[in-house]
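Trainee: Input: one structure, supplied below.
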Amino acid sequence: MDPAEEFTTIESIFVRHRNALMVRGQFTSIYTDYYLHLMEHGIRYPAELDQMLKDSLAMLTLHLVARPWAETIAWTANLRAPRINLFVTGGSYDESITGRIFTEDVREPDRNYFYSQSTTVDNATPQTSTLEIKGKDPVAWISQYYEQSEQRPARAFRLDDENFVLIAAQPDCDLAWLEALDEKAVAEIQQTEETSPLETRRFRFHCGCSVEKILPILGGWKERPDALFEGAEAITIQCPRCAARYQVTRDMI
């Protein structure tokens with residue numbers, strides 16, 4: 001069992017009289033593991049893309065806690081400028097979150113698109129949704145996503161010290177109150193509103209990939225290794241979920 005201090009605790013809190021769900025967490029631990037992962041695999045993203053991926057990791061983590069625990073969810077944002085695919089995935093059951101950015105061979109869309117796919121531990125049919133998003137801020141995408149896919153209002157907030165908060169409407173929510181919230185009001189909710197703790201879940205930045213798990217992707221090249229290696233003794237392959245890099249030699253295929 002991994003020590004508890006490696007995980008980030010995410011709190012789910014009900015705001016009474018406002019009929020809203022508040023999910024919050026402090027993401028320094030997840031971000032530390034994320035940067036250790038980048039260092040280990042020699043990955044470096046430009047500052048703007050790095051911040052977008054970190055924000056997306058935070059947003060998906062909060063959303064996971066607002067959803068049933070048995071779900072695994074993957075989000076992909078296909079953006080025009082910068083032309084990237086931003087991918088994050090995670091689940092409460094595995095207590096993990098991971099992600100990466102694709103910058104090469106990315107299809108240029110005519111607008112920015114957001115794709116969501118969720119599955120459950122009992123392997124039920126995946127639920128998918130697609131929507132157009134505006135802007136480049138993953139924190140702002142949450143309101144757009146909830147309005148179109150969850151069909152209820154929600155807002156996300158970036159606070160000081162790598163704290164993030166998601167507030168989602170419940171039945172009979174005070175929508176005027178929700179719409180009027182700003183960062184200062186959100187930071188003080190537990191002092192100004194009556195709240196009830198619901199549950200906590202924990203997460204860490206973790207993919208779980210390995211070269212043994214990725215090798216089956218290359219199974220189709222087993223009969224034609226020369227075309228794959230092109231004279232090289234080894235090639236580098238990347239995990240499609242976290243961009244971890246692995247060396248593959250001919251005898252491993």
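If you're wondering about the labels, chains in the structure tokens are A, B, ... by order shown, residues count from 1 in each chain, ligands from 1 in order shown.
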Considering only C-alpha atoms, give me a table of residues in region 180-207 of chain A that are at most 12 Å from region 16-22 of chain A, with the closest atom pair and distance in Å for each, as a Markdown table.

Mentor:
| residue | atom | partner | partner_atom | distance |
| --- | --- | --- | --- | --- |
| A:Leu181 | CA | A:Arg18 | CA | 12.0 |
| A:Val186 | CA | A:Met22 | CA | 9.3 |
| A:Ala187 | CA | A:Met22 | CA | 11.1 |
| A:Ile189 | CA | A:Met22 | CA | 9.4 |
| A:Gln190 | CA | A:Met22 | CA | 10.2 |
| A:Thr192 | CA | A:Arg16 | CA | 11.2 |
| A:Glu193 | CA | A:Arg16 | CA | 7.4 |
| A:Glu194 | CA | A:Arg16 | CA | 5.5 |
| A:Thr195 | CA | A:Arg16 | CA | 5.5 |
| A:Ser196 | CA | A:Arg16 | CA | 7.1 |
| A:Pro197 | CA | A:Met22 | CA | 9.4 |
| A:Leu198 | CA | A:Leu21 | CA | 9.3 |
| A:Glu199 | CA | A:Met22 | CA | 11.1 |
| A:Thr200 | CA | A:Met22 | CA | 11.7 |

Trainee: Dump as a tab-separated table the rows for residues of region 126-213 of chain A within 12 Å of region 246-250 of chain A: closest atom pair and distance in Å with one decimal, only C-alpha atoms counted, ordered by chain and rising residue number.

Mentor:
residue	atom	partner	partner_atom	distance
A:Cys209	CA	A:Tyr246	CA	10.1
A:Ser210	CA	A:Tyr246	CA	8.0
A:Val211	CA	A:Tyr246	CA	6.1
A:Glu212	CA	A:Tyr246	CA	9.8
A:Lys213	CA	A:Tyr246	CA	10.9

Trainee: Given only C-alpha atoms, how would the per-residue table for region 181-236 of chain A near region 65-89 of chain A read, listing every residue at most 12 Å away with its closest atom pair and distance in Å to one decimal, sorted by chain and number, as CSV?

Mentor:
residue,atom,partner,partner_atom,distance
A:Leu198,CA,A:Val65,CA,10.7
A:Glu199,CA,A:Val65,CA,9.0
A:Thr200,CA,A:Val65,CA,8.2
A:Arg201,CA,A:Val65,CA,7.0
A:Arg202,CA,A:Val65,CA,9.2
A:Phe203,CA,A:Val65,CA,10.0
A:Arg204,CA,A:Thr89,CA,12.0
A:Phe205,CA,A:Thr89,CA,10.3
A:His206,CA,A:Thr89,CA,10.2
A:Cys207,CA,A:Thr89,CA,9.1

Trainee: From the options A:Phe14, A:Tyr34, A:Trp141, A:Trp221, which residue's atoms come nearest to Cys242 (chain A), counting only C-alpha atoms?

Mentor: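 Using only C-alpha atoms, Cys242 (chain A) sits closest to A:Tyr34.
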
Trainee: Could you tell me which of A:Leu178, A:Val165, A:Leu218, A:Val15 comes closest to Arg152 (chain A) if we count only C-alpha atoms?

Mentor: A:Leu178

Trainee: May I have the residues within 12 Å of region 157-164 of chain A as number ranges by chain, using only C-alpha atoms and disregarding those fewer than 4 positions away in the same chain?

Mentor: A: 8-11, 22-32, 51, 54-63, 137-143, 168, 178, 181-188

Trainee: Could you write out, as a PyMOL selection string, all the residues of region 5-242 of chain A that DSSP marks as alpha helix (DSSP H)?

Mentor: chain A and resi 28-40+47-66+138-145+175-180+183-187+189-192+211-214+225-229

Trainee: Rounded to one decimal, what separation in Å do you get between CA of Ala180 (chain A) and CA of Tyr146 (chain A)?

Mentor: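 Atom-to-atom, CA of Ala180 (chain A) and CA of Tyr146 (chain A) are spaced 17.3 Å apart.
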
Trainee: Would you work out the distance separating CA of Ile101 (chain A) from CA of Leu64 (chain A), expressed in Å to one decimal?

Mentor: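 It comes out at 20.3 Å.
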
Trainee: Which residue, A:Thr236, A:Ser118, A:Gly208, A:Gln144, has the smallest gap to Asp94 (chain A) when you use only C-alpha atoms?

Mentor: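 Ranked by minimum distance to Asp94 (chain A), first place goes to A:Gly208.
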
Trainee: So, counting only C-alpha atoms, which residue among A:Leu53, A:Ile217, A:Leu131, A:Ala176 is closest to Ile97 (chain A)?

Mentor: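 Answer, going by the shortest atom-to-atom distance: A:Leu53.
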
Trainee: Please compute the CA of Gly42 (chain A)-CA of Gly231 (chain A) distance, one decimal, in Å.

Mentor: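 If I compute the distance from CA of Gly42 (chain A) to CA of Gly231 (chain A), I get 24.2 Å.
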
Trainee: Going by DSSP on the backbone, which residues of region 25-179 of chain A come out as strand (DSSP E)? List them as a PDB file with C-alpha atoms, in the first residue's frame.

Mentor:
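As a result, out.pdb now contains:
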ATOM      1  CA  GLY A  25      -8.627  20.122  -3.102  1.00  0.00           C
ATOM      2  CA  GLN A  26      -5.063  21.369  -2.776  1.00  0.00           C
ATOM      3  CA  GLU A  71     -16.471   5.771 -12.969  1.00  0.00           C
ATOM      4  CA  THR A  72     -13.328   6.179 -15.024  1.00  0.00           C
ATOM      5  CA  ILE A  73     -13.411   9.328 -17.148  1.00  0.00           C
ATOM      6  CA  ALA A  74     -11.212  10.556 -19.993  1.00  0.00           C
ATOM      7  CA  TRP A  75     -11.273  14.073 -21.426  1.00  0.00           C
ATOM      8  CA  THR A  76      -9.648  15.197 -24.670  1.00  0.00           C
ATOM      9  CA  ALA A  77      -9.545  18.808 -25.822  1.00  0.00           C
ATOM     10  CA  ASN A  78      -8.723  19.224 -29.524  1.00  0.00           C
ATOM     11  CA  LEU A  79      -7.639  22.868 -29.911  1.00  0.00           C
ATOM     12  CA  ILE A  84      -2.785  20.335 -29.570  1.00  0.00           C
ATOM     13  CA  ASN A  85      -4.715  17.454 -28.125  1.00  0.00           C
ATOM     14  CA  LEU A  86      -4.837  17.803 -24.360  1.00  0.00           C
ATOM     15  CA  PHE A  87      -5.674  14.475 -22.696  1.00  0.00           C
ATOM     16  CA  VAL A  88      -6.443  13.653 -19.056  1.00  0.00           C
ATOM     17  CA  THR A  89      -7.949  10.544 -17.504  1.00  0.00           C
ATOM     18  CA  GLY A  90      -8.550   9.145 -14.050  1.00  0.00           C
ATOM     19  CA  GLY A  91     -10.860   7.333 -11.687  1.00  0.00           C
ATOM     20  CA  SER A  96      -5.234   8.064  -9.798  1.00  0.00           C
ATOM     21  CA  ILE A  97      -5.119  10.819 -12.381  1.00  0.00           C
ATOM     22  CA  THR A  98      -2.794  11.190 -15.354  1.00  0.00           C
ATOM     23  CA  GLY A  99      -2.512  12.993 -18.660  1.00  0.00           C
ATOM     24  CA  ARG A 100      -0.361  14.325 -21.456  1.00  0.00           C
ATOM     25  CA  ILE A 101      -0.281  16.715 -24.413  1.00  0.00           C
ATOM     26  CA  PHE A 102      -0.033  15.701 -28.065  1.00  0.00           C
ATOM     27  CA  TYR A 113     -13.742  20.573 -29.374  1.00  0.00           C
ATOM     28  CA  PHE A 114     -14.030  18.785 -26.047  1.00  0.00           C
ATOM     29  CA  TYR A 115     -14.611  15.024 -25.862  1.00  0.00           C
ATOM     30  CA  SER A 116     -15.613  13.137 -22.727  1.00  0.00           C
ATOM     31  CA  GLN A 117     -15.835   9.371 -22.287  1.00  0.00           C
ATOM     32  CA  SER A 118     -16.803   7.594 -19.085  1.00  0.00           C
ATOM     33  CA  THR A 119     -16.870   3.913 -18.215  1.00  0.00           C
ATOM     34  CA  THR A 120     -17.652   1.999 -15.029  1.00  0.00           C
ATOM     35  CA  GLN A 127     -20.909   7.137 -22.264  1.00  0.00           C
ATOM     36  CA  THR A 128     -19.548   9.749 -24.649  1.00  0.00           C
ATOM     37  CA  SER A 129     -20.235  13.410 -25.283  1.00  0.00           C
ATOM     38  CA  THR A 130     -18.794  16.051 -27.591  1.00  0.00           C
ATOM     39  CA  LEU A 131     -19.097  19.810 -27.321  1.00  0.00           C
ATOM     40  CA  GLU A 132     -17.567  22.965 -28.662  1.00  0.00           C
ATOM     41  CA  ALA A 154     -21.462  24.529 -12.260  1.00  0.00           C
ATOM     42  CA  ARG A 155     -18.506  26.832 -11.793  1.00  0.00           C
ATOM     43  CA  ALA A 156     -14.849  26.186 -11.054  1.00  0.00           C
ATOM     44  CA  PHE A 157     -12.408  28.486  -9.293  1.00  0.00           C
ATOM     45  CA  ARG A 158      -8.623  28.705  -9.094  1.00  0.00           C
ATOM     46  CA  ASN A 163      -6.251  25.161  -4.406  1.00  0.00           C
ATOM     47  CA  PHE A 164      -9.147  24.527  -6.770  1.00  0.00           C
ATOM     48  CA  VAL A 165     -12.889  24.420  -6.103  1.00  0.00           C
ATOM     49  CA  LEU A 166     -15.820  23.111  -8.121  1.00  0.00           C
ATOM     50  CA  ILE A 167     -19.340  24.165  -7.146  1.00  0.00           C
ATOM     51  CA  ALA A 168     -22.148  22.289  -8.894  1.00  0.00           C
ATOM     52  CA  ALA A 169     -25.853  22.996  -8.645  1.00  0.00           C
TER      53      ALA A 169
END
